[in-house]
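All remarks here apply to the structure that follows.
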Amino acid sequence: MTRRAVVRGTGHYLPERIVDNKHFEQMLDTTDEWIRTRTGIERRHFAEDGQTTSDLGMRAAQAALDKAGLSAADIDAVIVATSTPDLTFPSVATMIQSGLGIQRGFAYDVQAVCAGFVYALANADAMLRAGLADRLLVIGTETFSRIMDWTDRSTCVLFGDGAGAVVLEAAEGKGDNTDRGILALDLNSDGRYRDLLYVDGGVASTGTAGHLRMQGNLVFRHAVEKLAATAHLALDKAGLSPEQVDWLVPHQANLRIIEATARRMGLPMEKVVLTVADHGNTSAASIPLALSVADSRGQFKPGDVLVAEAIGGGLAWGSVVLRW
C-alpha cells in the first residue's frame, strides 16, 4: 500500500474590488482591446488598503475547510506559497495558522513565485508520504498589486490579487496510477534566467519592496516550451499519456501561453480550466484559484486525471499529476 495525498476540499477568496481593463485607459497608453487580445485578461481583483496577503489566504483556507467538512483542529500543518508576504518574517503560514486557531503542528512558506503552489504541493506530498502529517492546508495567496509599477503598461495590467487553498489528506492507495491523489510531480529551476522576471527590491539589496520587472517576449517563449515539457515529464512518471488527461489546470498568466501549451500537449481547449479573463495573473494563487473555481462549478468528476503546471521567476517551473 502507498500513502497518497488526496484532495479533500478546495476554497478560494477574491478581494471585493474589481478592476476592469478600462481602468488602465485613464492612466496608461493602452486600451481594453489591446489587453484582451494580447493576454485574454478582462478584469482582475485588487486588495483594499490594509488587506494583507494573510487575510486573503485565511479566507481561502476557511472555505477549503468548510468544503472538506473539517475544522482547523483537524489540520496538522499549513504550507503557504507566496511572493508577497505581509512582513519579512514571520511567515504568512504562521499568521494563517494563528488566525485559524491552530495551536499545534507546523507552518511555513514556500517562495517559487508563480510556480510556488506546485512547489508547495510537492512539499505537502512528501510530508504526507513520510507520515509527518495526515492533513495539510496548502495555500497560494498573493497581493501583487503592491509590487506593480503603475507606469509600466507591459506589466501592471497583467496581475491581480487573490488566494486559493486545498486540504490534502493522506489516504492509502494501491501504488499505481489508478489511485486517487497526487500521482507524480516534476520540479525545475534555472537561475541563469533570473533577469527575465524579477522584482527590483529586497531586504539585502535596496531595503524596499521594489517593483516587478519582466522581459515579456522571452518569458513567453520559455513558458510555452517549458510548461509542455514539464507536463509530459510528470505524465511519464505517472505512467499516463496526454490522451488520458481529463483536465489541464494551467497557471493563469496569459491566454496565448495557455493555448500554445495545450496545443503542444494535444489537448483541446474544452479540457482546459480557464480563469485568466476574470482574475489576471495571481502568481502562486493562480492554480489553487482555478482548482477551486472549477470544483465549485462541478467540472471535476471522481477519477478525473488533472495536470497542473506553472512557471515563474527564477526561472522556476513544474507540474503535478493527480487523480481527483
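Identifiers in this document derive from the order of the C-alpha cells: chains are assigned A, B, ..., residues are numbered from 1 separately in each chain, and ligands are numbered from 1 in order of occurrence.
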
### Message
Can you tell me which residues surround region 130-145 of chain A at a distance of at most 7 Å, considering only C-alpha atoms, apart from same-chain residues fewer than 3 positions away, and format the answer as a PyMOL selection string?
### Response
chain A and resi 46-47+53+56-57+61+75-84+117+120-121+126-127+148+159-170+282-285+288

Export of the given selection (C-alpha atoms) as a PDB file, in the first residue's frame:
ATOM      1  CA  PHE A  46      -7.164  44.236  -6.075  1.00  0.00           C
ATOM      2  CA  ALA A  47      -6.885  44.066  -2.305  1.00  0.00           C
ATOM      3  CA  THR A  53      -1.799  38.509   1.885  1.00  0.00           C
ATOM      4  CA  LEU A  56      -6.788  36.615   1.695  1.00  0.00           C
ATOM      5  CA  GLY A  57      -5.155  33.265   2.415  1.00  0.00           C
ATOM      6  CA  ALA A  61      -8.267  28.295   3.788  1.00  0.00           C
ATOM      7  CA  ILE A  75      -5.135  20.209  10.382  1.00  0.00           C
ATOM      8  CA  ASP A  76      -1.549  19.155  11.153  1.00  0.00           C
ATOM      9  CA  ALA A  77       0.326  21.684   9.009  1.00  0.00           C
ATOM     10  CA  VAL A  78      -0.049  24.793   6.881  1.00  0.00           C
ATOM     11  CA  ILE A  79       2.110  25.404   3.801  1.00  0.00           C
ATOM     12  CA  VAL A  80       1.747  28.741   2.014  1.00  0.00           C
ATOM     13  CA  ALA A  81       3.092  29.661  -1.417  1.00  0.00           C
ATOM     14  CA  THR A  82       3.574  33.419  -1.790  1.00  0.00           C
ATOM     15  CA  SER A  83       5.997  36.053  -3.054  1.00  0.00           C
ATOM     16  CA  THR A  84       4.182  38.952  -1.373  1.00  0.00           C
ATOM     17  CA  PHE A 117       1.849  26.321  -5.477  1.00  0.00           C
ATOM     18  CA  ALA A 120       4.147  23.686  -2.127  1.00  0.00           C
ATOM     19  CA  LEU A 121       2.197  20.639  -3.318  1.00  0.00           C
ATOM     20  CA  ALA A 126       6.453  14.469   0.738  1.00  0.00           C
ATOM     21  CA  MET A 127       5.214  15.331   4.240  1.00  0.00           C
ATOM     22  CA  MET A 148       3.356  46.946  -9.507  1.00  0.00           C
ATOM     23  CA  PHE A 159      -1.566  40.919 -12.362  1.00  0.00           C
ATOM     24  CA  GLY A 160      -4.239  40.619  -9.712  1.00  0.00           C
ATOM     25  CA  ASP A 161      -4.715  39.630  -6.082  1.00  0.00           C
ATOM     26  CA  GLY A 162      -6.389  36.549  -4.653  1.00  0.00           C
ATOM     27  CA  ALA A 163      -5.990  33.282  -2.807  1.00  0.00           C
ATOM     28  CA  GLY A 164      -6.789  29.618  -3.274  1.00  0.00           C
ATOM     29  CA  ALA A 165      -6.406  26.647  -0.961  1.00  0.00           C
ATOM     30  CA  VAL A 166      -6.709  22.885  -0.851  1.00  0.00           C
ATOM     31  CA  VAL A 167      -6.982  20.453   2.029  1.00  0.00           C
ATOM     32  CA  LEU A 168      -4.786  17.421   1.378  1.00  0.00           C
ATOM     33  CA  GLU A 169      -5.349  14.231   3.333  1.00  0.00           C
ATOM     34  CA  ALA A 170      -3.264  11.053   3.451  1.00  0.00           C
ATOM     35  CA  THR A 282      -2.375  35.924  -9.430  1.00  0.00           C
ATOM     36  CA  SER A 283       1.033  34.206  -9.292  1.00  0.00           C
ATOM     37  CA  ALA A 284       1.110  31.422  -6.669  1.00  0.00           C
ATOM     38  CA  ALA A 285      -2.638  31.794  -6.101  1.00  0.00           C
ATOM     39  CA  PRO A 288      -5.440  26.843  -6.457  1.00  0.00           C
TER      40      PRO A 288
END

### Query
Can you list, as a ChimeraX atom specification, every residue of region 177-298 of chain A that DSSP puts in alpha helix (DSSP H)?
/A:216-238,255-265,276-279,286-297

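Between Val92 (chain A) and the candidates A:Ser71, A:Thr37, A:Ser54, A:Asn123, the tightest atom-to-atom separation, counting only C-alpha atoms, involves A:Ser54.
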
### Task
Give the answer as one residue: which of A:Ala73, A:Lys237, A:Arg192, A:Leu248 has the shortest atom-to-atom distance to Leu267 (chain A), using only C-alpha atoms?
A:Leu248

### Query
Of the candidates A:Thr39, A:Arg297, A:Ala277, A:Ala171, which one gets nearest to Phe220 (chain A) if we count only C-alpha atoms?
A:Thr39

### strand (DSSP E or B) call set, DSSP backbone run, region 248-302 of chain A, as a count of residues only
5

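The space between CA of Ala253 (chain A) and CA of Asn217 (chain A) spans 13.3 Å.
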
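The space separating CA of Gly40 (chain A) from CA of Leu306 (chain A) comes to 22.6 Å.
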
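Within 12 Å of Glu225 (chain A), once only C-alpha atoms are used and residues closer than 2 positions along the same chain are dropped, the contacting residues are A:Leu218, A:Val219, A:Phe220, A:Arg221, A:His222, A:Ala223, A:Leu227, A:Ala228, A:Ala229, A:Thr230, A:Ala231, A:His232, A:Ile257, A:Ile258, A:Ala260, A:Thr261, A:Ala262, A:Arg263, A:Arg264, A:Met265, A:Ala310, A:Ile311, A:Trp317.
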
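Residue neighbourhood of Leu233 (chain A), excluding near-sequence residues (fewer than 6 positions): Leu185, Asp186 and Ser319 of chain A, at 9 Å, using only C-alpha atoms.
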
Export of the given selection (C-alpha atoms) as an mmCIF file, in the first residue's frame:
data_model
loop_
_atom_site.group_PDB
_atom_site.id
_atom_site.type_symbol
_atom_site.label_atom_id
_atom_site.label_comp_id
_atom_site.auth_asym_id
_atom_site.auth_seq_id
_atom_site.Cartn_x
_atom_site.Cartn_y
_atom_site.Cartn_z
ATOM 1 C CA LEU A 185 5.450 15.706 -9.762
ATOM 2 C CA ASP A 186 8.162 17.413 -11.771
ATOM 3 C CA SER A 319 3.874 20.298 -12.810
#

### Message
When you count only C-alpha atoms, which of these residues is closest to Gly173 (chain A): A:Thr31, A:Thr2, A:Asn21, A:Ser98?
### Response
A:Thr2

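Excluding Val305 (chain A) itself and same-chain residues fewer than 2 positions from it, the residues having an atom within 7 Å of it are Val245, Asp246, Trp247, Gly303, Val307, Leu322, Arg323 and Trp324 of chain A, counting only C-alpha atoms.
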
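Comparing A:Asp179, A:Asp195, A:Asp125, A:Asp278 by their smallest distance to Arg43 (chain A), the closest is A:Asp278 (using only C-alpha atoms).
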
### Task
Quote the spacing between CA of Ala234 (chain A) and CA of Val321 (chain A) in Å to one decimal place.
6.4 Å
